[in-house]
Amino acid sequence: MKKQLVISTSIDLVRIAPDRVVYFASDGNYSTIVQTDGEVRMVSYQLGQIEKLIGSQLGSEGAIFIRIGKSLIINRSYIYYINVPKQKLILSDVNTFNHTVTASKEALKQLKELLEKEAK
Amino acid sequence: MKEFKDIKDDQIRIIGEDNSGKSPFRRFWIILLSVCVLLLVGGSILFAVLNREKASETEPEPAYFEPETTSEPIVCEWLGSRVDSLAKGFTEIRDTLINDIPLRIYIPHNAEMSLYVGRMDIRDTSVVYAAQAADVRADNGGIVGAFVLKGTPRSWGLSKKGFCASIDGVVTVGVAENSPLFEEATEKEGYFFRQYPLVDNGQLVENAPKGKSIRRGICDRQGEIFMVETGTPESFHDFAQALVDLGVDQAIYLVGSSAYGWAIDQAGTRHEFGDNNYYTGRRRMPKNTSYIVWRRK
């Protein structure tokens, strides 16, 4: 069975397949989960804690997620477009959703190089 | 839970990827290295065991006596110079600087320490060093803490943990709440007084007073007894630290600030310190003002 990511607090619980997450965004002490179905959910975890949960629960399968700077964890499956000078990153399945996020030029440059390297 | 390092805005990190395991051959190398280490350790142990067996075959049984230990003589590096024991008593004065604190060290030679209560006679030529010893109570003029003058107790009680005794010509400086030297001083016509402790077994002793003043103390360094005076106003802490850095083993305070005293050097020159108020009549000193007095033997 495919591993699910479980984000549990004292009052609620989110259980989601990793490939249903487009990205996590930091919102202070909270984090926002942007899902492939368009829903946006806020959880009372800091982004660093989400990163730890992914690492501990998904193990090597967690490698589909990439932490970008302090405020983003993206699902690499949905990286559609990177523009370094414009600091623009579009996450999309090229069908149902399309999310534009921003990141630092250096981080996007590294991300671009990573994907280029993996493509070879 | 796996710990993650902090990340900067211009960095990226693949989550869940074991960076240390990038090489497929890594595990193989780890296993190979572990086997090598194990073999090396095992070989060393085997070698040691075999050698011991060989040695036990060739060497005679060890004798059932404790090996004779020869103790190394302790080299005393005294601050004072070596003086002929028949020479006339005097106080050697040495100036030094420790932690930026100017210190004047008074080292009596061929002299014996005693205590004195009352007005000192500055014309007494037998005295080579004199400085105020115990504190005097502001309310009733009594001596603070236990005090024995030539075998006669003049004051009792523990107010300060530092003590100094001179019994049969032997001076002891120490820190203790109870000291048998008080009783011994009364039995052997000795001297005993108490003051603030400064150094105990080479360790700094903290004291409550926090102000700065000219500080004085009596010290024991490798058995050498001497008095120290700061050239500048210092706190108790800084003074005690300077004594520790001087290598002092035991030290207690002497009355500091403008308390009067003097030392006679080898040339017979008098070196006074403090204010001689007692004699100028500007201020009447308490009748129980006490002094440590080093007299020529």
# chains A, B, ... in the order shown; residues from 1 in each chain; ligands from 1
$ select_by_dssp --residues "chain A" --states "helix (DSSP H, G or I)" --output "ChimeraX atom specification"
/A:18-20,47-64,76-78,105-119
$ closest_atom_pairs --of "range 197-262 of chain B" --to "range 113-131 of chain B" --cutoff "10 Å" --atoms "only C-alpha atoms" --output "JSON lines"
{"residue": "B:Arg216", "atom": "CA", "partner": "B:Ala131", "partner_atom": "CA", "distance": 8.8}
{"residue": "B:Gly217", "atom": "CA", "partner": "B:Ala131", "partner_atom": "CA", "distance": 9.6}
{"residue": "B:Ile218", "atom": "CA", "partner": "B:Ala131", "partner_atom": "CA", "distance": 9.9}
{"residue": "B:Ile225", "atom": "CA", "partner": "B:Met113", "partner_atom": "CA", "distance": 9.9}
{"residue": "B:Met227", "atom": "CA", "partner": "B:Ala131", "partner_atom": "CA", "distance": 9.1}
{"residue": "B:Leu254", "atom": "CA", "partner": "B:Ala131", "partner_atom": "CA", "distance": 7.5}
{"residue": "B:Val255", "atom": "CA", "partner": "B:Ala131", "partner_atom": "CA", "distance": 7.6}
{"residue": "B:Gly256", "atom": "CA", "partner": "B:Ala131", "partner_atom": "CA", "distance": 9.0}
{"residue": "B:Ala259", "atom": "CA", "partner": "B:Ala131", "partner_atom": "CA", "distance": 7.5}
{"residue": "B:Tyr260", "atom": "CA", "partner": "B:Ala131", "partner_atom": "CA", "distance": 6.5}
{"residue": "B:Gly261", "atom": "CA", "partner": "B:Ala131", "partner_atom": "CA", "distance": 4.4}
{"residue": "B:Trp262", "atom": "CA", "partner": "B:Ala130", "partner_atom": "CA", "distance": 5.4}
$ write_last_selection --atoms "C-alpha atoms" --output "CSV table (one decimal), in the first residue's frame"
chain,number,residue,atom,x,y,z
B,216,ARG,CA,46.1,43.7,52.4
B,217,GLY,CA,46.4,40.1,53.3
B,218,ILE,CA,48.6,37.5,54.9
B,225,ILE,CA,54.5,33.4,54.9
B,227,MET,CA,52.0,39.9,53.5
B,254,LEU,CA,44.3,42.1,57.0
B,255,VAL,CA,42.7,45.5,57.6
B,256,GLY,CA,43.0,47.4,54.4
B,259,ALA,CA,45.0,51.3,58.3
B,260,TYR,CA,48.5,52.2,59.4
B,261,GLY,CA,51.5,49.9,59.4
B,262,TRP,CA,55.1,49.8,58.3
$ interface_residues --of "chain B" --to "chain A" --cutoff "6 Å" --atoms "only C-alpha atoms" --output "PyMOL selection string"
chain B and resi 1+8-17
$ write_last_selection --atoms "N, CA and C atoms" --output "compact mmCIF listing (two decimals), in the first residue's frame"
# COMPACT_ATOMS: atom_id res chain seq x y z
N MET B 1 12.71 10.94 15.49
CA MET B 1 12.45 11.68 14.27
C MET B 1 13.75 12.30 13.78
N LYS B 8 18.33 28.08 4.50
CA LYS B 8 18.25 29.49 4.14
C LYS B 8 17.33 29.62 2.93
N ASP B 9 16.95 30.89 2.65
CA ASP B 9 16.03 31.13 1.54
C ASP B 9 16.63 30.80 0.19
N ASP B 10 17.95 30.84 0.10
CA ASP B 10 18.55 30.56 -1.20
C ASP B 10 19.07 29.12 -1.30
N GLN B 11 18.48 28.24 -0.49
CA GLN B 11 18.90 26.83 -0.52
C GLN B 11 17.71 25.94 -0.83
N ILE B 12 18.04 24.78 -1.38
CA ILE B 12 16.99 23.77 -1.55
C ILE B 12 17.48 22.47 -0.94
N ARG B 13 16.51 21.61 -0.62
CA ARG B 13 16.88 20.33 0.00
C ARG B 13 15.84 19.28 -0.38
N ILE B 14 16.33 18.16 -0.84
CA ILE B 14 15.41 17.06 -1.16
C ILE B 14 15.08 16.33 0.13
N ILE B 15 13.79 16.24 0.42
CA ILE B 15 13.38 15.65 1.71
C ILE B 15 13.40 14.13 1.58
N GLY B 16 13.80 13.48 2.67
CA GLY B 16 13.74 12.02 2.71
C GLY B 16 14.88 11.36 1.97
N GLU B 17 15.72 12.16 1.38
CA GLU B 17 16.84 11.56 0.66
C GLU B 17 18.00 11.42 1.61
$ residues_around --residues "range 196-211 of chain B" --least-positions-apart "6" --cutoff "9 Å" --atoms "only C-alpha atoms" --output "list of chain:residue names"
B:Ser159, B:Lys160, B:Lys161, B:Gly162, B:Phe163, B:Gly174, B:Val175, B:Ala176, B:Gly217, B:Cys219, B:Pro233, B:Glu234, B:Ser235, B:Phe236, B:His237, B:Phe239, B:Ala240, B:Gln241, B:Leu243, B:Val244, B:Asp245, B:Gly247, B:Val248, B:Asp249, B:Gln250, B:Ala251, B:Ile252, B:Tyr253, B:Leu254
$ write_last_selection --atoms "C-alpha atoms" --output "CSV table (one decimal), in the first residue's frame"
chain,number,residue,atom,x,y,z
B,159,SER,CA,32.4,35.9,62.4
B,160,LYS,CA,34.9,35.3,59.6
B,161,LYS,CA,36.1,31.9,58.5
B,162,GLY,CA,39.7,32.9,57.8
B,163,PHE,CA,42.2,32.5,60.6
B,174,GLY,CA,43.8,28.9,56.9
B,175,VAL,CA,40.1,28.8,56.4
B,176,ALA,CA,37.9,26.8,58.8
B,217,GLY,CA,46.4,40.1,53.3
B,219,CYS,CA,49.5,34.5,52.7
B,233,PRO,CA,41.9,50.1,45.3
B,234,GLU,CA,40.7,46.6,44.4
B,235,SER,CA,37.6,44.5,45.2
B,236,PHE,CA,37.9,41.5,47.4
B,237,HIS,CA,37.4,39.3,44.4
B,239,PHE,CA,42.5,40.9,45.2
B,240,ALA,CA,41.9,37.2,46.0
B,241,GLN,CA,42.2,36.3,42.3
B,243,LEU,CA,46.7,36.0,45.1
B,244,VAL,CA,45.5,32.8,43.5
B,245,ASP,CA,47.5,33.8,40.4
B,247,GLY,CA,50.3,30.9,43.5
B,248,VAL,CA,49.2,31.4,47.1
B,249,ASP,CA,47.8,28.4,48.9
B,250,GLN,CA,46.1,30.1,51.8
B,251,ALA,CA,45.4,33.7,52.4
B,252,ILE,CA,43.3,35.8,54.7
B,253,TYR,CA,42.6,39.5,54.8
B,254,LEU,CA,44.3,42.1,57.0
$ atom_distance --atom1 "CA of Ser31 in chain A" --atom2 "CA of Ile79 in chain A"
20.0 Å
$ closest_residue --among "B:Ala134, B:His109, B:Asn99, B:Glu53" --to "Pro286 in chain B" --atoms "only C-alpha atoms"
B:Ala134
$ atom_distance --atom1 "CA of Glu187 in chain B" --atom2 "CA of Gly151 in chain B"
6.2 Å
$ residues_around --residues "Asp265 in chain B" --least-positions-apart "6" --cutoff "10 Å" --atoms "only C-alpha atoms" --output "PyMOL selection string"
chain B and resi 89-93+106-109+128-129+271
$ write_last_selection --atoms "all heavy atoms" --output "mmCIF file, in the first residue's frame"
data_model
loop_
_atom_site.group_PDB
_atom_site.id
_atom_site.type_symbol
_atom_site.label_atom_id
_atom_site.label_comp_id
_atom_site.auth_asym_id
_atom_site.auth_seq_id
_atom_site.Cartn_x
_atom_site.Cartn_y
_atom_site.Cartn_z
ATOM 1 N N GLY B 89 67.168 40.509 61.425
ATOM 2 C CA GLY B 89 65.837 40.405 60.803
ATOM 3 C C GLY B 89 65.444 41.656 60.041
ATOM 4 O O GLY B 89 65.804 42.769 60.415
ATOM 5 N N PHE B 90 64.708 41.466 58.973
ATOM 6 C CA PHE B 90 64.226 42.593 58.158
ATOM 7 C C PHE B 90 63.054 42.100 57.308
ATOM 8 O O PHE B 90 62.721 40.909 57.305
ATOM 9 C CB PHE B 90 65.334 43.143 57.248
ATOM 10 C CG PHE B 90 65.744 42.190 56.144
ATOM 11 C CD1 PHE B 90 65.264 42.353 54.858
ATOM 12 C CD2 PHE B 90 66.596 41.126 56.400
ATOM 13 C CE1 PHE B 90 65.631 41.484 53.845
ATOM 14 C CE2 PHE B 90 66.959 40.251 55.390
ATOM 15 C CZ PHE B 90 66.483 40.430 54.107
ATOM 16 N N THR B 91 62.449 43.021 56.603
ATOM 17 C CA THR B 91 61.366 42.654 55.693
ATOM 18 C C THR B 91 61.810 42.933 54.263
ATOM 19 O O THR B 91 62.167 44.070 53.931
ATOM 20 C CB THR B 91 60.093 43.469 56.004
ATOM 21 O OG1 THR B 91 59.710 43.196 57.347
ATOM 22 C CG2 THR B 91 58.959 43.083 55.065
ATOM 23 N N GLU B 92 61.804 41.875 53.472
ATOM 24 C CA GLU B 92 62.132 42.033 52.050
ATOM 25 C C GLU B 92 60.882 42.544 51.341
ATOM 26 O O GLU B 92 59.791 41.993 51.541
ATOM 27 C CB GLU B 92 62.564 40.682 51.473
ATOM 28 C CG GLU B 92 63.014 40.756 50.029
ATOM 29 C CD GLU B 92 63.418 39.383 49.504
ATOM 30 O OE1 GLU B 92 63.537 38.425 50.312
ATOM 31 O OE2 GLU B 92 63.592 39.270 48.281
ATOM 32 N N ILE B 93 61.046 43.581 50.570
ATOM 33 C CA ILE B 93 59.888 44.166 49.881
ATOM 34 C C ILE B 93 60.046 43.956 48.384
ATOM 35 O O ILE B 93 61.063 44.338 47.799
ATOM 36 C CB ILE B 93 59.754 45.669 50.203
ATOM 37 C CG1 ILE B 93 59.583 45.837 51.714
ATOM 38 C CG2 ILE B 93 58.581 46.284 49.456
ATOM 39 C CD1 ILE B 93 59.623 47.279 52.176
ATOM 40 N N TYR B 106 55.504 41.797 51.192
ATOM 41 C CA TYR B 106 56.384 42.001 52.349
ATOM 42 C C TYR B 106 56.758 40.615 52.888
ATOM 43 O O TYR B 106 55.904 39.887 53.394
ATOM 44 C CB TYR B 106 55.665 42.788 53.440
ATOM 45 C CG TYR B 106 55.233 44.186 53.024
ATOM 46 C CD1 TYR B 106 53.972 44.421 52.513
ATOM 47 C CD2 TYR B 106 56.096 45.280 53.161
ATOM 48 C CE1 TYR B 106 53.562 45.700 52.145
ATOM 49 C CE2 TYR B 106 55.703 46.558 52.792
ATOM 50 C CZ TYR B 106 54.437 46.767 52.282
ATOM 51 O OH TYR B 106 54.041 48.016 51.925
ATOM 52 N N ILE B 107 58.030 40.274 52.771
ATOM 53 C CA ILE B 107 58.473 38.948 53.200
ATOM 54 C C ILE B 107 59.413 39.115 54.392
ATOM 55 O O ILE B 107 60.555 39.580 54.237
ATOM 56 C CB ILE B 107 59.208 38.223 52.055
ATOM 57 C CG1 ILE B 107 58.345 38.262 50.777
ATOM 58 C CG2 ILE B 107 59.532 36.791 52.442
ATOM 59 C CD1 ILE B 107 59.132 38.024 49.515
ATOM 60 N N PRO B 108 58.952 38.753 55.590
ATOM 61 C CA PRO B 108 59.825 38.909 56.763
ATOM 62 C C PRO B 108 60.915 37.824 56.787
ATOM 63 O O PRO B 108 60.650 36.670 56.456
ATOM 64 C CB PRO B 108 58.876 38.736 57.958
ATOM 65 C CG PRO B 108 57.512 38.577 57.385
ATOM 66 C CD PRO B 108 57.648 38.195 55.954
ATOM 67 N N HIS B 109 62.099 38.227 57.144
ATOM 68 C CA HIS B 109 63.209 37.277 57.288
ATOM 69 C C HIS B 109 63.738 37.349 58.712
ATOM 70 O O HIS B 109 63.874 38.444 59.278
ATOM 71 C CB HIS B 109 64.340 37.616 56.314
ATOM 72 C CG HIS B 109 63.986 37.363 54.884
ATOM 73 N ND1 HIS B 109 63.882 36.104 54.341
ATOM 74 C CD2 HIS B 109 63.696 38.225 53.871
ATOM 75 C CE1 HIS B 109 63.570 36.195 53.059
ATOM 76 N NE2 HIS B 109 63.437 37.480 52.745
ATOM 77 N N VAL B 128 59.910 44.545 62.535
ATOM 78 C CA VAL B 128 60.295 44.688 61.122
ATOM 79 C C VAL B 128 59.063 44.805 60.231
ATOM 80 O O VAL B 128 59.177 45.174 59.066
ATOM 81 C CB VAL B 128 61.182 43.524 60.645
ATOM 82 C CG1 VAL B 128 62.497 43.517 61.394
ATOM 83 C CG2 VAL B 128 60.459 42.194 60.756
ATOM 84 N N TYR B 129 57.908 44.469 60.794
ATOM 85 C CA TYR B 129 56.668 44.640 60.019
ATOM 86 C C TYR B 129 55.497 44.727 60.997
ATOM 87 O O TYR B 129 55.425 43.963 61.979
ATOM 88 C CB TYR B 129 56.436 43.468 59.057
ATOM 89 C CG TYR B 129 55.155 43.609 58.252
ATOM 90 C CD1 TYR B 129 55.154 44.262 57.026
ATOM 91 C CD2 TYR B 129 53.951 43.105 58.724
ATOM 92 C CE1 TYR B 129 53.992 44.423 56.291
ATOM 93 C CE2 TYR B 129 52.773 43.255 57.997
ATOM 94 C CZ TYR B 129 52.806 43.907 56.787
ATOM 95 O OH TYR B 129 51.639 44.062 56.066
ATOM 96 N N HIS B 271 59.281 51.722 55.734
ATOM 97 C CA HIS B 271 58.302 51.917 54.655
ATOM 98 C C HIS B 271 56.911 51.900 55.293
ATOM 99 O O HIS B 271 56.437 50.858 55.718
ATOM 100 C CB HIS B 271 58.408 50.792 53.611
ATOM 101 C CG HIS B 271 59.735 50.740 52.932
ATOM 102 N ND1 HIS B 271 59.984 51.344 51.727
ATOM 103 C CD2 HIS B 271 60.918 50.171 53.325
ATOM 104 C CE1 HIS B 271 61.253 51.143 51.382
ATOM 105 N NE2 HIS B 271 61.835 50.425 52.340
#
$ atom_distance --atom1 "CA of Trp78 in chain B" --atom2 "CA of Ile98 in chain B"
16.7 Å
$ select_by_dssp --residues "chain A" --states "strand (DSSP E)" --output "PyMOL selection string"
chain A and resi 5-8+13-16+21-27+30-35+40-43+65-68+72-75+79-83+88-92+98-102
$ write_last_selection --atoms "N, CA and C atoms" --output "compact mmCIF listing (two decimals), in the first residue's frame"
# COMPACT_ATOMS: atom_id res chain seq x y z
N LEU A 5 0.72 10.37 4.09
CA LEU A 5 1.27 11.34 5.04
C LEU A 5 0.17 11.69 6.05
N VAL A 6 0.50 11.52 7.33
CA VAL A 6 -0.49 11.78 8.38
C VAL A 6 -0.01 12.98 9.20
N ILE A 7 -0.84 14.01 9.20
CA ILE A 7 -0.52 15.21 9.99
C ILE A 7 -1.59 15.34 11.06
N SER A 8 -1.20 15.03 12.28
CA SER A 8 -2.18 14.94 13.36
C SER A 8 -1.92 16.01 14.41
N LEU A 13 -6.91 15.61 12.28
CA LEU A 13 -5.91 14.80 11.60
C LEU A 13 -6.10 14.93 10.09
N VAL A 14 -5.02 15.10 9.39
CA VAL A 14 -5.06 15.11 7.92
C VAL A 14 -4.27 13.91 7.44
N ARG A 15 -4.92 13.09 6.60
CA ARG A 15 -4.23 11.92 6.02
C ARG A 15 -4.33 12.06 4.51
N ILE A 16 -3.19 12.15 3.88
CA ILE A 16 -3.19 12.47 2.45
C ILE A 16 -2.06 11.73 1.74
N VAL A 21 -0.50 16.20 -2.82
CA VAL A 21 -0.06 17.50 -2.30
C VAL A 21 0.72 18.21 -3.40
N VAL A 22 0.34 19.44 -3.69
CA VAL A 22 1.08 20.22 -4.69
C VAL A 22 2.27 20.90 -4.00
N TYR A 23 1.95 21.54 -2.90
CA TYR A 23 3.05 22.12 -2.10
C TYR A 23 2.56 22.50 -0.70
N PHE A 24 3.53 22.66 0.18
CA PHE A 24 3.28 23.18 1.53
C PHE A 24 3.90 24.58 1.57
N ALA A 25 3.18 25.49 2.17
CA ALA A 25 3.72 26.85 2.31
C ALA A 25 3.72 27.24 3.79
N SER A 26 4.75 27.96 4.16
CA SER A 26 4.85 28.41 5.55
C SER A 26 3.96 29.62 5.78
N ASP A 27 3.30 29.60 6.93
CA ASP A 27 2.47 30.74 7.30
C ASP A 27 2.70 31.00 8.79
N TYR A 30 2.12 28.29 11.39
CA TYR A 30 1.24 27.33 10.72
C TYR A 30 1.78 27.02 9.34
N SER A 31 1.21 26.01 8.72
CA SER A 31 1.57 25.69 7.34
C SER A 31 0.29 25.47 6.55
N THR A 32 0.38 25.77 5.27
CA THR A 32 -0.77 25.59 4.38
C THR A 32 -0.47 24.44 3.42
N ILE A 33 -1.44 23.54 3.30
CA ILE A 33 -1.28 22.44 2.35
C ILE A 33 -2.14 22.80 1.13
N VAL A 34 -1.51 22.85 -0.01
CA VAL A 34 -2.26 23.09 -1.24
C VAL A 34 -2.38 21.75 -1.96
N GLN A 35 -3.63 21.31 -2.12
CA GLN A 35 -3.88 19.96 -2.64
C GLN A 35 -4.17 20.01 -4.15
N VAL A 40 -7.31 24.07 -0.07
CA VAL A 40 -6.18 24.59 0.70
C VAL A 40 -6.49 24.37 2.18
N ARG A 41 -5.58 23.71 2.87
CA ARG A 41 -5.86 23.39 4.28
C ARG A 41 -4.71 23.91 5.15
N MET A 42 -5.10 24.46 6.26
CA MET A 42 -4.07 24.98 7.18
C MET A 42 -3.89 24.00 8.34
N VAL A 43 -2.65 23.73 8.69
CA VAL A 43 -2.37 22.85 9.85
C VAL A 43 -1.45 23.60 10.82
N PHE A 65 9.38 15.35 -2.42
CA PHE A 65 9.24 16.72 -1.93
C PHE A 65 10.60 17.39 -1.85
N ILE A 66 10.62 18.65 -2.19
CA ILE A 66 11.85 19.43 -2.11
C ILE A 66 11.58 20.69 -1.28
N ARG A 67 12.40 20.87 -0.30
CA ARG A 67 12.29 22.07 0.51
C ARG A 67 13.00 23.20 -0.24
N ILE A 68 12.30 24.27 -0.43
CA ILE A 68 12.88 25.44 -1.10
C ILE A 68 12.86 26.61 -0.13
N LEU A 72 8.79 27.11 1.60
CA LEU A 72 8.11 26.22 0.65
C LEU A 72 8.61 24.79 0.73
N ILE A 73 7.68 23.87 0.60
CA ILE A 73 8.02 22.48 0.32
C ILE A 73 7.16 22.10 -0.90
N ILE A 74 7.82 21.79 -2.00
CA ILE A 74 7.03 21.54 -3.22
C ILE A 74 7.10 20.06 -3.60
N ASN A 75 6.08 19.63 -4.30
CA ASN A 75 6.07 18.29 -4.86
C ASN A 75 6.74 18.37 -6.23
N ILE A 79 6.43 20.22 -10.84
CA ILE A 79 7.21 21.37 -11.32
C ILE A 79 7.00 21.47 -12.83
N TYR A 80 6.45 22.56 -13.25
CA TYR A 80 6.12 22.72 -14.65
C TYR A 80 6.98 23.80 -15.31
N TYR A 81 7.24 24.87 -14.58
CA TYR A 81 7.94 25.98 -15.19
C TYR A 81 8.78 26.72 -14.14
N ILE A 82 10.03 27.00 -14.53
CA ILE A 82 10.92 27.77 -13.64
C ILE A 82 11.46 28.95 -14.43
N ASN A 83 11.33 30.11 -13.87
CA ASN A 83 11.96 31.29 -14.47
C ASN A 83 12.81 31.95 -13.39
N LYS A 88 10.14 32.92 -10.55
CA LYS A 88 8.79 32.35 -10.72
C LYS A 88 8.87 30.84 -10.86
N LEU A 89 8.00 30.19 -10.13
CA LEU A 89 7.92 28.73 -10.21
C LEU A 89 6.45 28.35 -10.36
N ILE A 90 6.15 27.63 -11.42
CA ILE A 90 4.75 27.20 -11.62
C ILE A 90 4.65 25.71 -11.37
N LEU A 91 3.72 25.38 -10.47
CA LEU A 91 3.45 23.97 -10.16
C LEU A 91 2.12 23.62 -10.80
N SER A 92 2.16 22.61 -11.64
CA SER A 92 0.93 22.30 -12.39
C SER A 92 0.95 20.86 -12.87
N ASN A 98 -2.99 24.88 -11.56
CA ASN A 98 -1.81 25.67 -11.93
C ASN A 98 -1.56 26.70 -10.83
N HIS A 99 -0.45 26.50 -10.08
CA HIS A 99 -0.14 27.39 -8.96
C HIS A 99 1.20 28.06 -9.22
N THR A 100 1.22 29.34 -9.06
CA THR A 100 2.48 30.07 -9.21
C THR A 100 2.99 30.48 -7.83
N VAL A 101 4.24 30.12 -7.56
CA VAL A 101 4.87 30.52 -6.28
C VAL A 101 6.18 31.23 -6.61
N THR A 102 6.70 31.93 -5.63
CA THR A 102 8.00 32.60 -5.84
C THR A 102 9.03 32.04 -4.87
